[in-house]
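**Student:** Below is the file model_2.pdb, with PDB, C-alpha atoms, pLDDT in the B column.
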MODEL        1
ATOM      1  CA  MET A  16       0.000   0.000   0.000  1.00 49.00           C
ATOM      2  CA  SER A  17       1.451   3.384  -0.997  1.00 62.00           C
ATOM      3  CA  LEU A  18       1.863   6.226   1.472  1.00 63.00           C
ATOM      4  CA  MET A  19      -0.561   8.420  -0.492  1.00 66.00           C
ATOM      5  CA  VAL A  20      -3.307   5.797  -0.152  1.00 62.00           C
ATOM      6  CA  THR A  21      -2.498   5.522   3.550  1.00 85.00           C
ATOM      7  CA  LEU A  22      -2.836   9.289   4.042  1.00 95.00           C
ATOM      8  CA  GLY A  23      -6.408   9.374   2.746  1.00 96.00           C
ATOM      9  CA  ARG A  24      -8.716  12.010   4.242  1.00 97.00           C
ATOM     10  CA  THR A  25      -6.309  14.700   5.403  1.00 98.00           C
ATOM     11  CA  LEU A  26      -6.454  17.736   7.663  1.00 98.00           C
ATOM     12  CA  VAL A  27      -3.636  20.295   7.421  1.00 98.00           C
ATOM     13  CA  ILE A  28      -3.368  22.668  10.374  1.00 98.00           C
ATOM     14  CA  ALA A  29      -1.810  26.061   9.670  1.00 98.00           C
ATOM     15  CA  PRO A  30      -0.873  28.527  12.401  1.00 98.00           C
ATOM     16  CA  HIS A  31      -1.180  31.405   9.898  1.00 97.00           C
ATOM     17  CA  PRO A  32      -2.383  31.680   6.292  1.00 96.00           C
ATOM     18  CA  ASP A  33       0.305  30.436   3.868  1.00 97.00           C
ATOM     19  CA  ASP A  34       2.057  28.086   6.338  1.00 98.00           C
ATOM     20  CA  GLU A  35       0.040  25.196   4.896  1.00 98.00           C
ATOM     21  CA  VAL A  36       1.103  26.022   1.326  1.00 98.00           C
ATOM     22  CA  LEU A  37       4.754  26.507   2.253  1.00 98.00           C
ATOM     23  CA  GLY A  38       4.925  23.216   4.129  1.00 98.00           C
ATOM     24  CA  ALA A  39       2.502  20.875   2.399  1.00 98.00           C
ATOM     25  CA  GLY A  40       1.049  22.561  -0.688  1.00 98.00           C
ATOM     26  CA  GLY A  41       2.400  19.977  -3.107  1.00 98.00           C
ATOM     27  CA  THR A  42       1.221  17.084  -0.953  1.00 98.00           C
ATOM     28  CA  MET A  43      -2.221  18.667  -0.666  1.00 98.00           C
ATOM     29  CA  ALA A  44      -2.401  19.064  -4.451  1.00 98.00           C
ATOM     30  CA  ARG A  45      -1.308  15.468  -5.008  1.00 98.00           C
ATOM     31  CA  LEU A  46      -3.811  14.085  -2.509  1.00 98.00           C
ATOM     32  CA  ALA A  47      -6.651  16.111  -4.001  1.00 98.00           C
ATOM     33  CA  ALA A  48      -5.712  15.037  -7.533  1.00 97.00           C
ATOM     34  CA  GLN A  49      -5.802  11.415  -6.410  1.00 96.00           C
ATOM     35  CA  GLY A  50      -9.298  11.776  -4.951  1.00 97.00           C
ATOM     36  CA  SER A  51      -8.643  12.304  -1.236  1.00 97.00           C
ATOM     37  CA  ASP A  52     -10.543  14.959   0.685  1.00 98.00           C
ATOM     38  CA  VAL A  53      -8.174  17.653   1.938  1.00 98.00           C
ATOM     39  CA  PHE A  54      -9.160  20.107   4.660  1.00 98.00           C
ATOM     40  CA  VAL A  55      -7.249  23.124   5.950  1.00 98.00           C
ATOM     41  CA  ALA A  56      -7.700  24.794   9.323  1.00 98.00           C
ATOM     42  CA  VAL A  57      -6.086  28.196   9.834  1.00 98.00           C
ATOM     43  CA  VAL A  58      -5.805  28.670  13.577  1.00 98.00           C
ATOM     44  CA  THR A  59      -5.078  32.399  13.922  1.00 97.00           C
ATOM     45  CA  GLU A  60      -5.987  35.702  12.342  1.00 96.00           C
ATOM     46  CA  GLY A  61      -4.688  39.221  12.802  1.00 93.00           C
ATOM     47  CA  LYS A  62      -6.467  41.278  15.442  1.00 92.00           C
ATOM     48  CA  PRO A  63      -6.574  45.055  15.864  1.00 90.00           C
ATOM     49  CA  PRO A  64      -4.731  47.260  16.556  1.00 88.00           C
ATOM     50  CA  ALA A  65      -1.777  45.330  15.112  1.00 87.00           C
ATOM     51  CA  TYR A  66      -3.800  44.320  12.018  1.00 90.00           C
ATOM     52  CA  ASP A  67      -6.634  46.166  10.306  1.00 92.00           C
ATOM     53  CA  ARG A  68      -9.707  44.291   9.150  1.00 93.00           C
ATOM     54  CA  ALA A  69      -9.159  45.062   5.459  1.00 94.00           C
ATOM     55  CA  SER A  70      -5.703  43.445   5.415  1.00 94.00           C
ATOM     56  CA  VAL A  71      -6.994  40.390   7.298  1.00 94.00           C
ATOM     57  CA  GLU A  72      -9.835  39.929   4.822  1.00 96.00           C
ATOM     58  CA  ALA A  73      -7.404  40.347   1.925  1.00 96.00           C
ATOM     59  CA  VAL A  74      -5.151  37.570   3.235  1.00 96.00           C
ATOM     60  CA  GLN A  75      -8.147  35.311   3.796  1.00 97.00           C
ATOM     61  CA  ALA A  76      -9.273  35.889   0.209  1.00 98.00           C
ATOM     62  CA  GLU A  77      -5.757  35.019  -0.964  1.00 98.00           C
ATOM     63  CA  ALA A  78      -5.888  31.824   1.088  1.00 98.00           C
ATOM     64  CA  HIS A  79      -9.210  30.783  -0.429  1.00 98.00           C
ATOM     65  CA  GLU A  80      -7.775  31.252  -3.926  1.00 98.00           C
ATOM     66  CA  ALA A  81      -4.634  29.301  -3.005  1.00 98.00           C
ATOM     67  CA  HIS A  82      -6.742  26.477  -1.596  1.00 98.00           C
ATOM     68  CA  ARG A  83      -8.926  26.445  -4.717  1.00 98.00           C
ATOM     69  CA  ILE A  84      -5.795  25.989  -6.827  1.00 98.00           C
ATOM     70  CA  LEU A  85      -4.675  23.074  -4.655  1.00 98.00           C
ATOM     71  CA  GLY A  86      -8.086  21.383  -4.619  1.00 98.00           C
ATOM     72  CA  VAL A  87      -8.845  21.836  -0.913  1.00 98.00           C
ATOM     73  CA  LYS A  88     -12.331  20.634  -0.031  1.00 98.00           C
ATOM     74  CA  GLU A  89     -12.952  23.018   2.878  1.00 98.00           C
ATOM     75  CA  THR A  90     -11.118  25.749   4.776  1.00 98.00           C
ATOM     76  CA  ARG A  91     -11.924  26.493   8.398  1.00 98.00           C
ATOM     77  CA  TRP A  92     -10.898  29.623  10.297  1.00 98.00           C
ATOM     78  CA  LEU A  93     -10.566  29.243  14.063  1.00 98.00           C
ATOM     79  CA  GLY A  94      -9.973  32.940  14.758  1.00 97.00           C
ATOM     80  CA  PHE A  95      -7.414  32.805  17.549  1.00 97.00           C
ATOM     81  CA  PRO A  96      -5.205  35.915  17.808  1.00 96.00           C
ATOM     82  CA  ALA A  97      -2.071  35.776  15.659  1.00 95.00           C
ATOM     83  CA  ALA A  98       1.241  36.024  17.520  1.00 90.00           C
ATOM     84  CA  ALA A  99      -0.652  35.919  20.808  1.00 93.00           C
ATOM     85  CA  LEU A 100      -1.325  32.234  21.443  1.00 95.00           C
ATOM     86  CA  SER A 101       1.095  32.324  24.360  1.00 95.00           C
ATOM     87  CA  GLU A 102      -1.348  34.744  26.010  1.00 95.00           C
ATOM     88  CA  THR A 103      -4.376  32.601  25.122  1.00 95.00           C
ATOM     89  CA  SER A 104      -5.846  29.849  27.289  1.00 96.00           C
ATOM     90  CA  HIS A 105      -4.113  26.633  26.283  1.00 94.00           C
ATOM     91  CA  SER A 106      -7.218  24.684  27.258  1.00 97.00           C
ATOM     92  CA  ALA A 107      -9.243  26.793  24.806  1.00 98.00           C
ATOM     93  CA  LEU A 108      -6.824  25.961  21.991  1.00 98.00           C
ATOM     94  CA  ASN A 109      -6.879  22.287  22.979  1.00 98.00           C
ATOM     95  CA  ALA A 110     -10.680  22.263  22.935  1.00 98.00           C
ATOM     96  CA  ALA A 111     -10.931  24.009  19.558  1.00 98.00           C
ATOM     97  CA  LEU A 112      -8.503  21.628  17.875  1.00 98.00           C
ATOM     98  CA  PHE A 113     -10.120  18.615  19.544  1.00 97.00           C
ATOM     99  CA  GLU A 114     -13.513  19.628  18.153  1.00 97.00           C
ATOM    100  CA  LEU A 115     -11.938  20.282  14.754  1.00 98.00           C
ATOM    101  CA  VAL A 116     -10.389  16.808  14.597  1.00 98.00           C
ATOM    102  CA  ARG A 117     -13.582  15.220  15.919  1.00 97.00           C
ATOM    103  CA  SER A 118     -15.787  16.896  13.306  1.00 97.00           C
ATOM    104  CA  ILE A 119     -13.538  16.262  10.286  1.00 97.00           C
ATOM    105  CA  ALA A 120     -12.317  12.808  11.386  1.00 97.00           C
ATOM    106  CA  PRO A 121      -9.163  12.814   9.251  1.00 98.00           C
ATOM    107  CA  GLN A 122      -7.132   9.710   8.554  1.00 97.00           C
ATOM    108  CA  THR A 123      -4.048  11.946   8.461  1.00 98.00           C
ATOM    109  CA  LEU A 124      -3.114  15.071  10.391  1.00 98.00           C
ATOM    110  CA  ILE A 125      -0.392  17.360   8.986  1.00 98.00           C
ATOM    111  CA  ILE A 126       0.852  19.885  11.533  1.00 98.00           C
ATOM    112  CA  PRO A 127       3.657  22.424  12.074  1.00 98.00           C
ATOM    113  CA  PHE A 128       6.952  21.178  13.477  1.00 98.00           C
ATOM    114  CA  VAL A 129       7.471  21.420  17.234  1.00 97.00           C
ATOM    115  CA  GLY A 130      10.882  23.092  16.862  1.00 95.00           C
ATOM    116  CA  ASP A 131       9.682  26.055  14.775  1.00 95.00           C
ATOM    117  CA  MET A 132      10.891  29.449  15.945  1.00 93.00           C
ATOM    118  CA  HIS A 133       7.397  31.003  16.070  1.00 94.00           C
ATOM    119  CA  ILE A 134       5.736  30.116  19.372  1.00 95.00           C
ATOM    120  CA  ASP A 135       2.327  29.910  17.663  1.00 96.00           C
ATOM    121  CA  HIS A 136       3.676  26.923  15.697  1.00 97.00           C
ATOM    122  CA  HIS A 137       5.020  25.254  18.828  1.00 95.00           C
ATOM    123  CA  LEU A 138       1.782  25.642  20.786  1.00 97.00           C
ATOM    124  CA  ILE A 139      -0.330  24.439  17.875  1.00 98.00           C
ATOM    125  CA  PHE A 140       1.845  21.334  17.553  1.00 98.00           C
ATOM    126  CA  LEU A 141       1.227  20.538  21.223  1.00 98.00           C
ATOM    127  CA  SER A 142      -2.522  21.143  21.036  1.00 98.00           C
ATOM    128  CA  SER A 143      -2.762  19.128  17.812  1.00 98.00           C
ATOM    129  CA  MET A 144      -1.173  16.188  19.583  1.00 98.00           C
ATOM    130  CA  VAL A 145      -3.703  16.542  22.396  1.00 97.00           C
ATOM    131  CA  ALA A 146      -6.510  16.616  19.832  1.00 97.00           C
ATOM    132  CA  ALA A 147      -5.158  13.464  18.166  1.00 98.00           C
ATOM    133  CA  ARG A 148      -4.695  11.338  21.281  1.00 97.00           C
ATOM    134  CA  PRO A 149      -5.221   7.668  20.402  1.00 95.00           C
ATOM    135  CA  HIS A 150      -7.608   6.784  23.245  1.00 91.00           C
ATOM    136  CA  GLN A 151     -10.538   8.490  21.501  1.00 85.00           C
ATOM    137  CA  PRO A 152     -12.753   7.090  18.725  1.00 85.00           C
ATOM    138  CA  GLY A 153     -11.562   7.716  15.183  1.00 88.00           C
ATOM    139  CA  TYR A 154      -8.226   9.307  15.998  1.00 96.00           C
ATOM    140  CA  PRO A 155      -5.846  10.170  13.117  1.00 98.00           C
ATOM    141  CA  LYS A 156      -3.721   7.151  12.244  1.00 97.00           C
ATOM    142  CA  VAL A 157      -0.970   9.221  10.626  1.00 97.00           C
ATOM    143  CA  ILE A 158       0.578  12.433  11.933  1.00 98.00           C
ATOM    144  CA  LEU A 159       3.186  14.297   9.875  1.00 98.00           C
ATOM    145  CA  ALA A 160       5.004  17.504  10.817  1.00 98.00           C
ATOM    146  CA  TYR A 161       5.928  19.878   7.980  1.00 98.00           C
ATOM    147  CA  GLU A 162       8.666  22.471   7.598  1.00 98.00           C
ATOM    148  CA  THR A 163       7.882  26.166   7.157  1.00 97.00           C
ATOM    149  CA  LEU A 164      10.474  28.347   5.482  1.00 93.00           C
ATOM    150  CA  SER A 165      11.612  31.188   7.808  1.00 91.00           C
ATOM    151  CA  GLU A 166      10.294  29.342  10.869  1.00 95.00           C
ATOM    152  CA  THR A 167      11.546  25.742  10.936  1.00 95.00           C
ATOM    153  CA  ASN A 168      15.027  26.597   9.692  1.00 92.00           C
ATOM    154  CA  TRP A 169      15.489  29.515  12.116  1.00 90.00           C
ATOM    155  CA  ASN A 170      15.351  27.414  15.261  1.00 87.00           C
ATOM    156  CA  ALA A 171      18.203  27.397  17.771  1.00 88.00           C
ATOM    157  CA  PRO A 172      20.520  24.460  16.953  1.00 85.00           C
ATOM    158  CA  TYR A 173      20.970  21.983  19.814  1.00 87.00           C
ATOM    159  CA  VAL A 174      18.536  24.023  21.960  1.00 90.00           C
ATOM    160  CA  THR A 175      15.242  23.320  20.193  1.00 90.00           C
ATOM    161  CA  PRO A 176      14.462  20.207  18.125  1.00 93.00           C
ATOM    162  CA  GLY A 177      16.000  20.153  14.668  1.00 94.00           C
ATOM    163  CA  PHE A 178      13.963  19.208  11.592  1.00 96.00           C
ATOM    164  CA  ALA A 179      15.326  15.845  10.424  1.00 96.00           C
ATOM    165  CA  PRO A 180      12.831  14.573   7.822  1.00 98.00           C
ATOM    166  CA  ASN A 181      12.126  10.878   7.430  1.00 97.00           C
ATOM    167  CA  VAL A 182       9.190  11.061   5.002  1.00 97.00           C
ATOM    168  CA  PHE A 183       9.464  12.522   1.506  1.00 98.00           C
ATOM    169  CA  VAL A 184       6.458  13.033  -0.773  1.00 98.00           C
ATOM    170  CA  ASP A 185       7.189  13.214  -4.494  1.00 98.00           C
ATOM    171  CA  ILE A 186       5.489  16.364  -5.801  1.00 98.00           C
ATOM    172  CA  SER A 187       7.234  16.455  -9.181  1.00 98.00           C
ATOM    173  CA  ASP A 188       3.871  16.564 -10.977  1.00 98.00           C
ATOM    174  CA  HIS A 189       2.416  19.119  -8.542  1.00 98.00           C
ATOM    175  CA  ILE A 190       5.173  21.657  -7.864  1.00 98.00           C
ATOM    176  CA  ASP A 191       3.647  24.074 -10.385  1.00 98.00           C
ATOM    177  CA  ARG A 192       0.355  24.082  -8.484  1.00 98.00           C
ATOM    178  CA  LYS A 193       2.174  24.617  -5.202  1.00 98.00           C
ATOM    179  CA  LEU A 194       4.002  27.616  -6.624  1.00 98.00           C
ATOM    180  CA  ALA A 195       0.784  28.947  -8.172  1.00 98.00           C
ATOM    181  CA  ALA A 196      -0.946  28.633  -4.800  1.00 98.00           C
ATOM    182  CA  MET A 197       1.855  30.510  -3.086  1.00 98.00           C
ATOM    183  CA  LYS A 198       1.764  33.166  -5.799  1.00 98.00           C
ATOM    184  CA  ALA A 199      -1.892  33.726  -4.866  1.00 98.00           C
ATOM    185  CA  PHE A 200      -0.642  35.059  -1.509  1.00 97.00           C
ATOM    186  CA  LYS A 201       0.308  38.384  -3.065  1.00 96.00           C
ATOM    187  CA  SER A 202       0.624  40.051   0.343  1.00 94.00           C
ATOM    188  CA  GLN A 203       2.996  37.384   1.640  1.00 93.00           C
ATOM    189  CA  VAL A 204       5.290  36.595  -1.306  1.00 95.00           C
ATOM    190  CA  ARG A 205       8.623  38.393  -1.338  1.00 95.00           C
ATOM    191  CA  ALA A 206      11.331  38.864  -3.952  1.00 96.00           C
ATOM    192  CA  ALA A 207      14.300  36.472  -4.026  1.00 96.00           C
ATOM    193  CA  PRO A 208      16.475  35.757  -2.187  1.00 95.00           C
ATOM    194  CA  HIS A 209      13.895  36.179   0.607  1.00 94.00           C
ATOM    195  CA  GLU A 210      12.779  32.839   2.026  1.00 92.00           C
ATOM    196  CA  ARG A 211       9.157  33.609   1.222  1.00 93.00           C
ATOM    197  CA  SER A 212       9.951  33.906  -2.492  1.00 97.00           C
ATOM    198  CA  LEU A 213       8.777  31.512  -5.186  1.00 98.00           C
ATOM    199  CA  GLU A 214      12.400  30.890  -6.198  1.00 98.00           C
ATOM    200  CA  THR A 215      13.362  29.820  -2.675  1.00 97.00           C
ATOM    201  CA  LEU A 216      10.295  27.621  -2.313  1.00 98.00           C
ATOM    202  CA  ASN A 217      11.127  25.917  -5.586  1.00 98.00           C
ATOM    203  CA  ALA A 218      14.769  25.519  -4.515  1.00 98.00           C
ATOM    204  CA  LEU A 219      13.723  23.765  -1.305  1.00 98.00           C
ATOM    205  CA  ALA A 220      11.465  21.410  -3.267  1.00 98.00           C
ATOM    206  CA  THR A 221      14.377  20.666  -5.611  1.00 98.00           C
ATOM    207  CA  LEU A 222      16.705  19.973  -2.676  1.00 98.00           C
ATOM    208  CA  ARG A 223      14.200  17.716  -0.898  1.00 98.00           C
ATOM    209  CA  GLY A 224      13.525  15.935  -4.164  1.00 98.00           C
ATOM    210  CA  ALA A 225      17.208  15.412  -4.950  1.00 98.00           C
ATOM    211  CA  THR A 226      17.576  13.746  -1.543  1.00 97.00           C
ATOM    212  CA  VAL A 227      15.372  10.906  -2.818  1.00 98.00           C
ATOM    213  CA  LEU A 228      16.200  11.192  -6.545  1.00 98.00           C
ATOM    214  CA  LYS A 229      13.014  13.051  -7.488  1.00 98.00           C
ATOM    215  CA  SER A 230      12.584  16.355  -9.310  1.00 98.00           C
ATOM    216  CA  ALA A 231      10.659  17.895  -6.417  1.00 98.00           C
ATOM    217  CA  ALA A 232       9.513  16.740  -3.002  1.00 98.00           C
ATOM    218  CA  GLU A 233       8.184  17.892   0.343  1.00 98.00           C
ATOM    219  CA  ALA A 234       9.769  16.616   3.529  1.00 98.00           C
ATOM    220  CA  PHE A 235       8.076  15.691   6.800  1.00 98.00           C
ATOM    221  CA  VAL A 236       8.822  14.228  10.179  1.00 98.00           C
ATOM    222  CA  MET A 237       6.677  11.174  10.870  1.00 98.00           C
ATOM    223  CA  VAL A 238       5.207  11.662  14.340  1.00 98.00           C
ATOM    224  CA  ARG A 239       2.900   8.653  14.284  1.00 97.00           C
ATOM    225  CA  GLN A 240       1.723   5.936  11.923  1.00 96.00           C
ATOM    226  CA  VAL A 241      -0.641   3.179  12.963  1.00 95.00           C
ATOM    227  CA  ILE A 242      -0.700   0.260  10.524  1.00 91.00           C
TER
ENDMDL
END
Starting from the file, lay out its structure as structure tokens.
**Tutor:**
Amino acid sequence: MSLMVTLGRTLVIAPHPDDEVLGAGGTMARLAAQGSDVFVAVVTEGKPPAYDRASVEAVQAEAHEAHRILGVKETRWLGFPAAALSETSHSALNAALFELVRSIAPQTLIIPFVGDMHIDHHLIFLSSMVAARPHQPGYPKVILAYETLSETNWNAPYVTPGFAPNVFVDISDHIDRKLAAMKAFKSQVRAAPHERSLETLNALATLRGATVLKSAAEAFVMVRQVI
């Protein structure tokens, strides 16, 4: 049985809009193309006064277009405050993600990596693991952690966990859709050599692919797989 068949119905959890495309856009496109239902949950959104409503709505519209390009079945917005999860009740985040996982009932959960520099990513990893505990009915059988350019690679070496991938998904036939989805995030894309550039995203896919003799790939850390 191939990994893609094993992944099946998939929920990708993004701390902020575009994290899901950066980390798993090609995998999402491949799963959707092969007939699997793919869901995205964006946990946070910008709150005033740091963010104005117009800019938040613009980013959300960009996300919907990106998800349309990738073939996402449904996008959910949880509305927690961006860059302020450390000041938010952890039990509230646990409860929201638990209800999310319960209602979607994914076979596979794709989540941010625990060692990411942004604390929102770290806290969402922890709450996702709580939501996916195996002593509840219908828990996710596969959990993968993705890498996010400008977050995962900016961790503190030997202080926080390093991203050492052990799962590689061939996205050679889907890299164009990943890049098109990222291009839809006009407010987030930057010019090269910035890490949030299309050139850098393509370079990472080329590097991850070359690791396993493919033209392009996405890399993950396998957190759990129940066979």
**Student:** Quick one: residues within 7 Å of (-1.6, 30.9, 14.6) (file frame), counting all atoms listed in the file, please, as a list in words.
**Tutor:**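 The answer, in the requested form, is Ala29, Pro30, His31, Val58, Thr59, Glu60, Phe95, Pro96, Ala97, Ala98, Leu100, Asp135 and His136 of chain A.
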**Student:** Would you mind listing what lies within 12 Å of Leu141 in chain A as a VMD selection string, with only C-alpha atoms counted and same-chain residues fewer than 6 positions away left out?
**Tutor:** chain A and resid 28 100 105 to 106 108 to 109 112 to 113 126 to 131 134 to 135 147 to 148 160 238
**Student:** What lies within 8 Å of Leu222 in chain A using all atoms listed in the file, ignoring chain neighbours under 4 positions off, as a list in words?
**Tutor:**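 Here the answer would be Ala218, Thr226, Ala231 and Ala232 of chain A.
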**Student:** Would you kindly return, as a VMD selection string, each protein, DNA or RNA residue with an atom no farther than 9 Å from any atom of Ala120 in chain A, considering all atoms listed in the file and excluding same-chain residues fewer than 5 positions away?
**Tutor:** chain A and resid 24 to 26 115 153 to 155
**Student:** Report the residues retrieved by the PyMOL selection byres ((chain A and resi 71) around 12) from the displayed file, expressed as a PyMOL selection string.
**Tutor:** chain A and resi 31-32+59-70+72-78+92+94+96-97+202-203
**Student:** Using all atoms listed in the file, can you tell me which of A:Thr21, A:Asp34, A:Ile119, A:Pro172 comes closest to Phe200 in chain A?
**Tutor:** A:Asp34
